[in-house]
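*Asks:* The structure is given below, and queries will be raised subsequently.
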Amino acid sequence: MTNIATLVFLWDNILKLKENIMKERSFTIATFNANGIRARLHIILPWLDDYNVDCLCIQETKVQDKDFPVEVFEERGLNVVFRGQKSYNGVAVITPHPVETVFFGFPDNDRNREEEARQICVQIADLTIVNSYVPQGRSIDNPAFQRKLQWFSRILNLLDEKFGPSSPLIWCGDMNVAPEPIDVYAPELKENHVCFHRSVREAFKKILKWGMSDCFRLIHPGEPEQYSFFDYRIPRAVERKLGWRIDHILATAPVASNIKDSFIDLEPRKKNKPSDHTFVVAHFQL
DNA sequence: ATGGTAGTAAAACTA
(Lines give C-alpha, C1' and ligand atoms only; values in the text may rest on other atoms or scores of the structure.)
Protein backbone atom coordinates (compact mmCIF):
# COMPACT_ATOMS: atom_id res chain seq x y z
CA MET A 1 0.00 0.00 0.00
CA THR A 2 2.82 2.37 0.81
CA ASN A 3 4.18 1.73 -2.66
CA ILE A 4 0.86 2.68 -4.22
CA ALA A 5 0.66 5.78 -2.03
CA THR A 6 4.16 6.75 -3.15
CA LEU A 7 3.20 6.20 -6.77
CA VAL A 8 0.08 8.34 -6.40
CA PHE A 9 2.14 11.03 -4.70
CA LEU A 10 4.75 10.98 -7.46
CA TRP A 11 2.14 11.00 -10.22
CA ASP A 12 0.42 13.96 -8.58
CA ASN A 13 3.69 15.85 -8.52
CA ILE A 14 4.44 15.02 -12.13
CA LEU A 15 1.03 16.46 -13.10
CA LYS A 16 1.71 19.64 -11.11
CA LEU A 17 5.14 19.98 -12.70
CA LYS A 18 3.65 19.53 -16.16
CA GLU A 19 1.03 22.16 -15.32
CA ASN A 20 3.80 24.56 -14.36
CA ILE A 21 5.79 23.90 -17.51
CA MET A 22 2.72 24.28 -19.72
CA LYS A 23 1.65 27.47 -17.96
CA GLU A 24 1.58 30.41 -20.33
CA ARG A 25 4.38 32.84 -19.89
CA SER A 26 4.35 36.37 -21.20
CA PHE A 27 7.27 37.43 -23.37
CA THR A 28 7.67 40.88 -24.90
CA ILE A 29 10.47 41.77 -27.28
CA ALA A 30 11.34 45.08 -28.92
CA THR A 31 13.82 46.31 -31.51
CA PHE A 32 15.27 49.82 -31.75
CA ASN A 33 17.82 51.41 -34.06
CA ALA A 34 19.48 53.94 -31.75
CA ASN A 35 21.79 55.78 -34.15
CA GLY A 36 24.09 56.39 -31.18
CA ILE A 37 23.00 54.76 -27.91
CA ARG A 38 24.60 57.45 -25.73
CA ALA A 39 22.58 60.13 -27.49
CA ARG A 40 19.36 58.11 -26.99
CA LEU A 41 19.55 57.17 -23.31
CA HIS A 42 16.98 59.89 -22.53
CA ILE A 43 14.59 57.95 -24.76
CA ILE A 44 15.61 54.36 -24.04
CA LEU A 45 15.66 54.49 -20.20
CA PRO A 46 12.15 55.94 -19.66
CA TRP A 47 10.86 53.65 -22.42
CA LEU A 48 12.24 50.60 -20.60
CA ASP A 49 10.58 51.82 -17.37
CA ASP A 50 7.24 52.13 -19.20
CA TYR A 51 7.23 48.86 -21.09
CA ASN A 52 9.23 46.40 -18.96
CA VAL A 53 10.11 44.32 -22.00
CA ASP A 54 11.75 40.94 -21.59
CA CYS A 55 14.26 41.75 -24.29
CA LEU A 56 15.27 44.95 -26.08
CA CYS A 57 17.44 44.54 -29.17
CA ILE A 58 19.37 47.66 -30.20
CA GLN A 59 21.26 48.39 -33.40
CA GLU A 60 23.66 51.19 -34.35
CA THR A 61 24.91 51.80 -30.83
CA LYS A 62 27.91 53.57 -32.44
CA VAL A 63 30.14 53.01 -29.45
CA GLN A 64 33.28 51.04 -28.67
CA ASP A 65 32.89 48.40 -25.95
CA LYS A 66 35.07 50.34 -23.50
CA ASP A 67 32.71 53.34 -23.72
CA PHE A 68 29.38 51.44 -23.66
CA PRO A 69 27.11 52.77 -20.88
CA VAL A 70 26.80 49.40 -19.11
CA GLU A 71 26.17 50.93 -15.65
CA VAL A 72 22.94 52.75 -16.50
CA PHE A 73 21.39 49.41 -17.40
CA GLU A 74 22.99 47.30 -14.68
CA GLU A 75 21.95 49.71 -11.93
CA ARG A 76 18.38 49.09 -13.11
CA GLY A 77 18.85 45.35 -12.70
CA LEU A 78 19.18 44.74 -16.44
CA ASN A 79 21.69 42.48 -18.14
CA VAL A 80 23.44 43.77 -21.23
CA VAL A 81 25.24 41.94 -24.02
CA PHE A 82 26.92 44.20 -26.57
CA ARG A 83 29.60 44.55 -29.19
CA GLY A 84 30.54 47.67 -31.11
CA GLN A 85 33.06 49.56 -33.16
CA LYS A 86 34.25 53.15 -33.06
CA SER A 87 31.62 55.41 -34.65
CA TYR A 88 29.81 52.74 -36.68
CA ASN A 89 27.47 49.78 -36.25
CA GLY A 90 27.25 48.18 -32.81
CA VAL A 91 24.51 45.94 -31.36
CA ALA A 92 23.19 45.31 -27.86
CA VAL A 93 20.68 43.07 -26.12
CA ILE A 94 19.13 44.32 -22.88
CA THR A 95 17.12 41.99 -20.64
CA PRO A 96 16.06 41.55 -17.02
CA HIS A 97 16.50 37.78 -17.44
CA PRO A 98 19.61 35.63 -17.23
CA VAL A 99 21.17 35.71 -20.68
CA GLU A 100 23.76 33.61 -22.39
CA THR A 101 25.72 34.86 -25.38
CA VAL A 102 25.68 32.25 -28.12
CA PHE A 103 27.89 34.11 -30.59
CA PHE A 104 28.64 37.48 -32.20
CA GLY A 105 28.47 37.87 -35.97
CA PHE A 106 28.23 34.46 -37.58
CA PRO A 107 29.49 31.36 -35.79
CA ASP A 108 32.93 30.19 -36.87
CA ASN A 109 33.62 33.40 -38.75
CA ASP A 110 37.17 34.62 -39.06
CA ARG A 111 36.81 37.25 -36.33
CA ASN A 112 35.35 39.94 -38.54
CA ARG A 113 34.91 42.94 -36.27
CA GLU A 114 32.26 44.58 -38.41
CA GLU A 115 30.15 41.41 -38.54
CA GLU A 116 30.48 40.95 -34.80
CA ALA A 117 29.33 44.55 -34.31
CA ARG A 118 26.29 43.83 -36.51
CA GLN A 119 24.88 40.65 -35.00
CA ILE A 120 24.36 39.06 -31.60
CA CYS A 121 22.80 35.67 -30.90
CA VAL A 122 21.63 35.08 -27.34
CA GLN A 123 19.70 32.51 -25.38
CA ILE A 124 17.06 33.61 -22.86
CA ALA A 125 15.42 30.61 -21.18
CA ASP A 126 14.42 28.30 -24.05
CA LEU A 127 14.33 31.11 -26.60
CA THR A 128 17.08 31.84 -29.11
CA ILE A 129 17.19 35.48 -30.20
CA VAL A 130 19.25 36.82 -33.09
CA ASN A 131 19.62 40.60 -33.17
CA SER A 132 20.88 41.83 -36.55
CA TYR A 133 21.93 45.10 -38.09
CA VAL A 134 21.90 44.01 -41.72
CA PRO A 135 24.25 46.08 -43.95
CA GLN A 136 22.39 48.84 -45.77
CA GLY A 137 24.14 48.19 -49.09
CA ARG A 138 24.89 51.78 -50.22
CA SER A 139 23.75 51.32 -53.85
CA ILE A 140 22.69 48.35 -55.95
CA ASP A 141 25.91 48.47 -58.02
CA ASN A 142 28.13 48.62 -54.92
CA PRO A 143 29.91 45.48 -53.60
CA ALA A 144 28.32 46.33 -50.25
CA PHE A 145 24.95 45.43 -51.79
CA GLN A 146 26.21 41.93 -52.65
CA ARG A 147 27.40 41.55 -49.05
CA LYS A 148 23.91 42.59 -47.93
CA LEU A 149 22.29 39.90 -50.09
CA GLN A 150 24.80 37.36 -48.76
CA TRP A 151 23.86 38.35 -45.20
CA PHE A 152 20.34 37.02 -45.78
CA SER A 153 21.57 33.73 -47.29
CA ARG A 154 24.07 33.29 -44.46
CA ILE A 155 21.31 33.91 -41.90
CA LEU A 156 19.16 31.32 -43.65
CA ASN A 157 22.00 28.76 -43.56
CA LEU A 158 22.64 29.52 -39.92
CA LEU A 159 19.00 29.23 -38.84
CA ASP A 160 18.56 26.05 -40.84
CA GLU A 161 21.76 24.32 -39.73
CA LYS A 162 21.91 25.39 -36.06
CA PHE A 163 18.23 25.62 -35.15
CA GLY A 164 15.50 24.66 -37.62
CA PRO A 165 11.97 26.01 -38.18
CA SER A 166 10.47 24.05 -35.28
CA SER A 167 12.78 25.48 -32.60
CA PRO A 168 11.70 28.57 -30.64
CA LEU A 169 13.55 31.34 -32.44
CA ILE A 170 13.22 35.08 -32.90
CA TRP A 171 15.19 36.98 -35.54
CA CYS A 172 14.84 40.71 -35.18
CA GLY A 173 16.55 43.99 -35.88
CA ASP A 174 17.21 46.51 -38.59
CA MET A 175 16.88 44.36 -41.70
CA ASN A 176 17.18 47.33 -44.08
CA VAL A 177 14.42 45.90 -46.27
CA ALA A 178 10.83 46.95 -46.84
CA PRO A 179 9.27 43.59 -47.75
CA GLU A 180 6.18 44.83 -49.62
CA PRO A 181 5.05 47.96 -51.50
CA ILE A 182 2.85 48.92 -48.52
CA ASP A 183 5.99 49.03 -46.39
CA VAL A 184 7.39 52.18 -48.01
CA TYR A 185 6.11 55.52 -49.30
CA ALA A 186 6.11 55.96 -53.09
CA PRO A 187 7.21 52.34 -53.76
CA GLU A 188 7.10 52.94 -57.54
CA LEU A 189 10.10 55.25 -57.13
CA LYS A 190 12.07 52.84 -54.95
CA GLU A 191 12.70 49.91 -57.30
CA ASN A 192 16.42 50.65 -57.47
CA HIS A 193 16.76 51.47 -53.79
CA VAL A 194 18.96 49.09 -51.74
CA CYS A 195 16.13 48.63 -49.23
CA PHE A 196 13.43 47.84 -51.81
CA HIS A 197 15.16 46.29 -54.84
CA ARG A 198 13.51 43.00 -55.83
CA SER A 199 16.67 41.05 -55.00
CA VAL A 200 16.65 42.05 -51.30
CA ARG A 201 12.92 41.59 -51.00
CA GLU A 202 13.30 38.10 -52.44
CA ALA A 203 16.26 37.29 -50.17
CA PHE A 204 14.18 38.38 -47.18
CA LYS A 205 11.07 36.50 -48.28
CA LYS A 206 13.08 33.31 -48.73
CA ILE A 207 13.58 33.35 -44.96
CA LEU A 208 9.85 33.85 -44.33
CA LYS A 209 9.15 30.95 -46.66
CA TRP A 210 11.67 28.79 -44.79
CA GLY A 211 9.57 29.16 -41.65
CA MET A 212 9.43 32.57 -40.04
CA SER A 213 6.53 34.98 -39.67
CA ASP A 214 6.65 38.77 -39.76
CA CYS A 215 5.12 39.38 -36.31
CA PHE A 216 3.88 42.90 -37.07
CA ARG A 217 1.97 41.66 -40.14
CA LEU A 218 0.36 38.83 -38.16
CA ILE A 219 -1.42 41.49 -36.11
CA HIS A 220 -1.77 44.19 -38.79
CA PRO A 221 -2.20 42.42 -42.14
CA GLY A 222 -2.38 44.80 -45.11
CA GLU A 223 -2.30 47.92 -42.98
CA PRO A 224 -0.56 50.71 -44.94
CA GLU A 225 1.58 53.61 -43.68
CA GLN A 226 3.02 51.64 -40.76
CA TYR A 227 6.65 52.69 -40.77
CA SER A 228 9.56 52.06 -38.41
CA PHE A 229 12.08 54.45 -39.97
CA PHE A 230 11.92 58.05 -41.10
CA ASP A 231 14.90 59.69 -42.79
CA TYR A 232 15.82 62.68 -40.64
CA ARG A 233 17.02 64.54 -43.72
CA ILE A 234 13.44 64.80 -44.95
CA PRO A 235 11.69 67.68 -43.19
CA ARG A 236 8.64 66.61 -41.14
CA ALA A 237 8.94 63.04 -42.49
CA VAL A 238 6.76 61.58 -39.71
CA GLU A 239 3.87 64.01 -40.21
CA ARG A 240 4.14 63.59 -43.99
CA LYS A 241 4.26 59.80 -43.60
CA LEU A 242 7.46 59.51 -45.64
CA GLY A 243 8.79 56.38 -44.00
CA TRP A 244 9.88 52.78 -44.32
CA ARG A 245 9.04 49.59 -42.42
CA ILE A 246 12.53 48.06 -42.34
CA ASP A 247 12.83 46.99 -38.67
CA HIS A 248 11.30 43.60 -38.10
CA ILE A 249 10.58 40.90 -35.55
CA LEU A 250 10.38 37.48 -37.15
CA ALA A 251 9.60 34.28 -35.31
CA THR A 252 9.38 30.56 -36.01
CA ALA A 253 6.00 28.79 -35.65
CA PRO A 254 6.29 27.73 -31.98
CA VAL A 255 6.71 31.41 -31.06
CA ALA A 256 4.69 33.14 -33.79
CA SER A 257 1.64 30.93 -33.18
CA ASN A 258 1.44 32.45 -29.69
CA ILE A 259 1.55 36.10 -30.70
CA LYS A 260 -0.87 38.37 -28.84
CA ASP A 261 0.11 41.85 -30.03
CA SER A 262 2.58 43.83 -32.13
CA PHE A 263 2.95 47.55 -32.79
CA ILE A 264 5.32 50.31 -33.81
CA ASP A 265 5.86 52.90 -31.08
CA LEU A 266 6.94 56.20 -32.59
CA GLU A 267 6.04 58.34 -29.58
CA PRO A 268 9.62 58.52 -28.24
CA ARG A 269 10.61 60.45 -31.38
CA LYS A 270 8.75 63.47 -30.07
CA LYS A 271 10.85 63.79 -26.93
CA ASN A 272 13.59 66.39 -27.31
CA LYS A 273 15.60 65.38 -30.34
CA PRO A 274 14.24 62.96 -32.94
CA SER A 275 15.64 59.45 -33.12
CA ASP A 276 15.75 58.06 -36.61
CA HIS A 277 13.94 54.85 -35.76
CA THR A 278 11.06 53.71 -33.58
CA PHE A 279 10.46 50.83 -31.20
CA VAL A 280 8.92 47.81 -32.89
CA VAL A 281 7.29 45.58 -30.28
CA ALA A 282 5.90 42.03 -30.25
CA HIS A 283 4.12 40.36 -27.34
CA PHE A 284 3.66 36.61 -26.93
CA GLN A 285 2.03 34.21 -24.47
CA LEU A 286 4.40 31.26 -24.71
C1' DA B 1 19.16 66.44 -60.55
C1' DT B 2 20.61 63.20 -56.46
C1' DG B 3 19.33 67.44 -51.92
C1' DG B 4 18.16 67.40 -46.72
C1' DT B 5 20.61 66.05 -40.96
C1' DA B 6 22.36 63.32 -36.84
C1' DG B 7 25.92 61.00 -34.58
C1' DT B 8 30.54 60.05 -33.71
C1' DA B 9 34.60 62.07 -32.76
C1' DA B 10 37.83 65.05 -34.57
C1' DA B 11 37.77 65.25 -40.74
C1' DA B 12 34.94 62.61 -42.95
C1' DC B 13 31.96 58.89 -43.16
C1' DT B 14 27.57 56.35 -42.94
C1' DA B 15 22.79 56.31 -43.14
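Ligands are numbered from 1 in the order shown, residues from 1 within each chain, and chains are lettered A, B, ... in the order they appear in the C-alpha coordinates.
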I need the residues in region 36-69 of chain A that are strand (DSSP E or B) according to DSSP; give them as a tab-separated table (two decimals) with N, CA, C and O atoms, in the first residue's frame.
*Replies:*
```tsv
chain	number	residue	atom	x	y	z
A	55	CYS	N	13.04	41.66	-23.49
A	55	CYS	CA	14.26	41.75	-24.29
A	55	CYS	C	14.19	42.96	-25.22
A	55	CYS	O	13.21	43.11	-25.96
A	56	LEU	N	15.18	43.83	-25.14
A	56	LEU	CA	15.27	44.95	-26.08
A	56	LEU	C	16.53	44.76	-26.93
A	56	LEU	O	17.64	44.66	-26.39
A	57	CYS	N	16.32	44.71	-28.23
A	57	CYS	CA	17.44	44.54	-29.17
A	57	CYS	C	17.75	45.89	-29.82
A	57	CYS	O	16.86	46.51	-30.41
A	58	ILE	N	18.99	46.34	-29.69
A	58	ILE	CA	19.37	47.66	-30.20
A	58	ILE	C	20.40	47.50	-31.32
A	58	ILE	O	21.27	46.63	-31.24
A	59	GLN	N	20.27	48.35	-32.34
A	59	GLN	CA	21.26	48.39	-33.40
A	59	GLN	C	21.82	49.82	-33.52
A	59	GLN	O	21.20	50.76	-33.07
```
*Asks:* Please identify all polymer residues within 12 Å of DA9 (chain B), counting only C-alpha atoms (C1' of nucleotides), omitting same-chain residues fewer than 6 positions from it, and present them as a PyMOL selection string.
*Replies:* chain A and resi 62-64+86-88
*Asks:* Would you export the selected residues with N, CA and C atoms as a PDB file, in the first residue's frame, please?
*Replies:*
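The file below, again.pdb, is the result:
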```
ATOM      1  N   LYS A  62      26.815  52.634 -32.079  1.00  0.00           N
ATOM      2  CA  LYS A  62      27.908  53.568 -32.438  1.00  0.00           C
ATOM      3  C   LYS A  62      28.844  53.863 -31.279  1.00  0.00           C
ATOM      4  N   VAL A  63      29.229  52.807 -30.581  1.00  0.00           N
ATOM      5  CA  VAL A  63      30.141  53.013 -29.454  1.00  0.00           C
ATOM      6  C   VAL A  63      31.067  51.808 -29.289  1.00  0.00           C
ATOM      7  N   GLN A  64      32.322  52.099 -28.955  1.00  0.00           N
ATOM      8  CA  GLN A  64      33.283  51.036 -28.669  1.00  0.00           C
ATOM      9  C   GLN A  64      32.899  50.399 -27.342  1.00  0.00           C
ATOM     10  N   LYS A  86      34.185  51.686 -33.167  1.00  0.00           N
ATOM     11  CA  LYS A  86      34.249  53.152 -33.062  1.00  0.00           C
ATOM     12  C   LYS A  86      33.382  53.777 -34.160  1.00  0.00           C
ATOM     13  N   SER A  87      32.430  54.589 -33.736  1.00  0.00           N
ATOM     14  CA  SER A  87      31.621  55.414 -34.649  1.00  0.00           C
ATOM     15  C   SER A  87      30.555  54.697 -35.492  1.00  0.00           C
ATOM     16  N   TYR A  88      30.775  53.407 -35.801  1.00  0.00           N
ATOM     17  CA  TYR A  88      29.812  52.740 -36.682  1.00  0.00           C
ATOM     18  C   TYR A  88      29.246  51.459 -36.067  1.00  0.00           C
TER      19      TYR A  88
END
```
*Asks:* DSSP on the backbone, then: every residue of region 54-269 of chain A marked alpha helix (DSSP H), written as a ChimeraX atom specification.
*Replies:* /A:70-74,113-116,143-158,198-211,215-219,253-256
*Asks:* Which residues of chain A come within 7 Å of chain B, and what is each one's closest atom pair and distance in Å (one decimal), counting only C-alpha atoms (C1' of nucleotides), sorted by chain and residue number, as JSON lines?
*Replies:*
```
{"residue": "A:Asn35", "atom": "CA", "partner": "B:DG7", "partner_atom": "C1'", "distance": 6.7}
{"residue": "A:Gly36", "atom": "CA", "partner": "B:DG7", "partner_atom": "C1'", "distance": 6.0}
{"residue": "A:Ser87", "atom": "CA", "partner": "B:DT8", "partner_atom": "C1'", "distance": 4.8}
{"residue": "A:Tyr232", "atom": "CA", "partner": "B:DT5", "partner_atom": "C1'", "distance": 5.9}
{"residue": "A:Arg233", "atom": "CA", "partner": "B:DG4", "partner_atom": "C1'", "distance": 4.3}
{"residue": "A:Ile234", "atom": "CA", "partner": "B:DG4", "partner_atom": "C1'", "distance": 5.7}
```
*Asks:* Do you have the CA of Ile37 (chain A)-CA of Glu60 (chain A) distance handy?
*Replies:*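 Those two atoms sit 7.4 Å apart.
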*Asks:* Find the distance between CA of Tyr227 (chain A) and CA of Tyr51 (chain A) and write it in Å to one decimal.
*Replies:*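 That distance, rounded to one decimal, is 20.1 Å.
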*Asks:* Have a look at CA of Lys206 (chain A) and CA of Val255 (chain A) and let me know their distance in Å, one decimal.
*Replies:*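 That distance, rounded to one decimal, is 18.9 Å.
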*Asks:* Name the residues in contact with Ile43 (chain A) at a cut-off of 12 Å, using only C-alpha atoms (C1' of nucleotides), excluding same-chain residues fewer than 4 positions from it; report them as number ranges by chain.
*Replies:* A: 32-34, 36-39, 47-50, 265-279
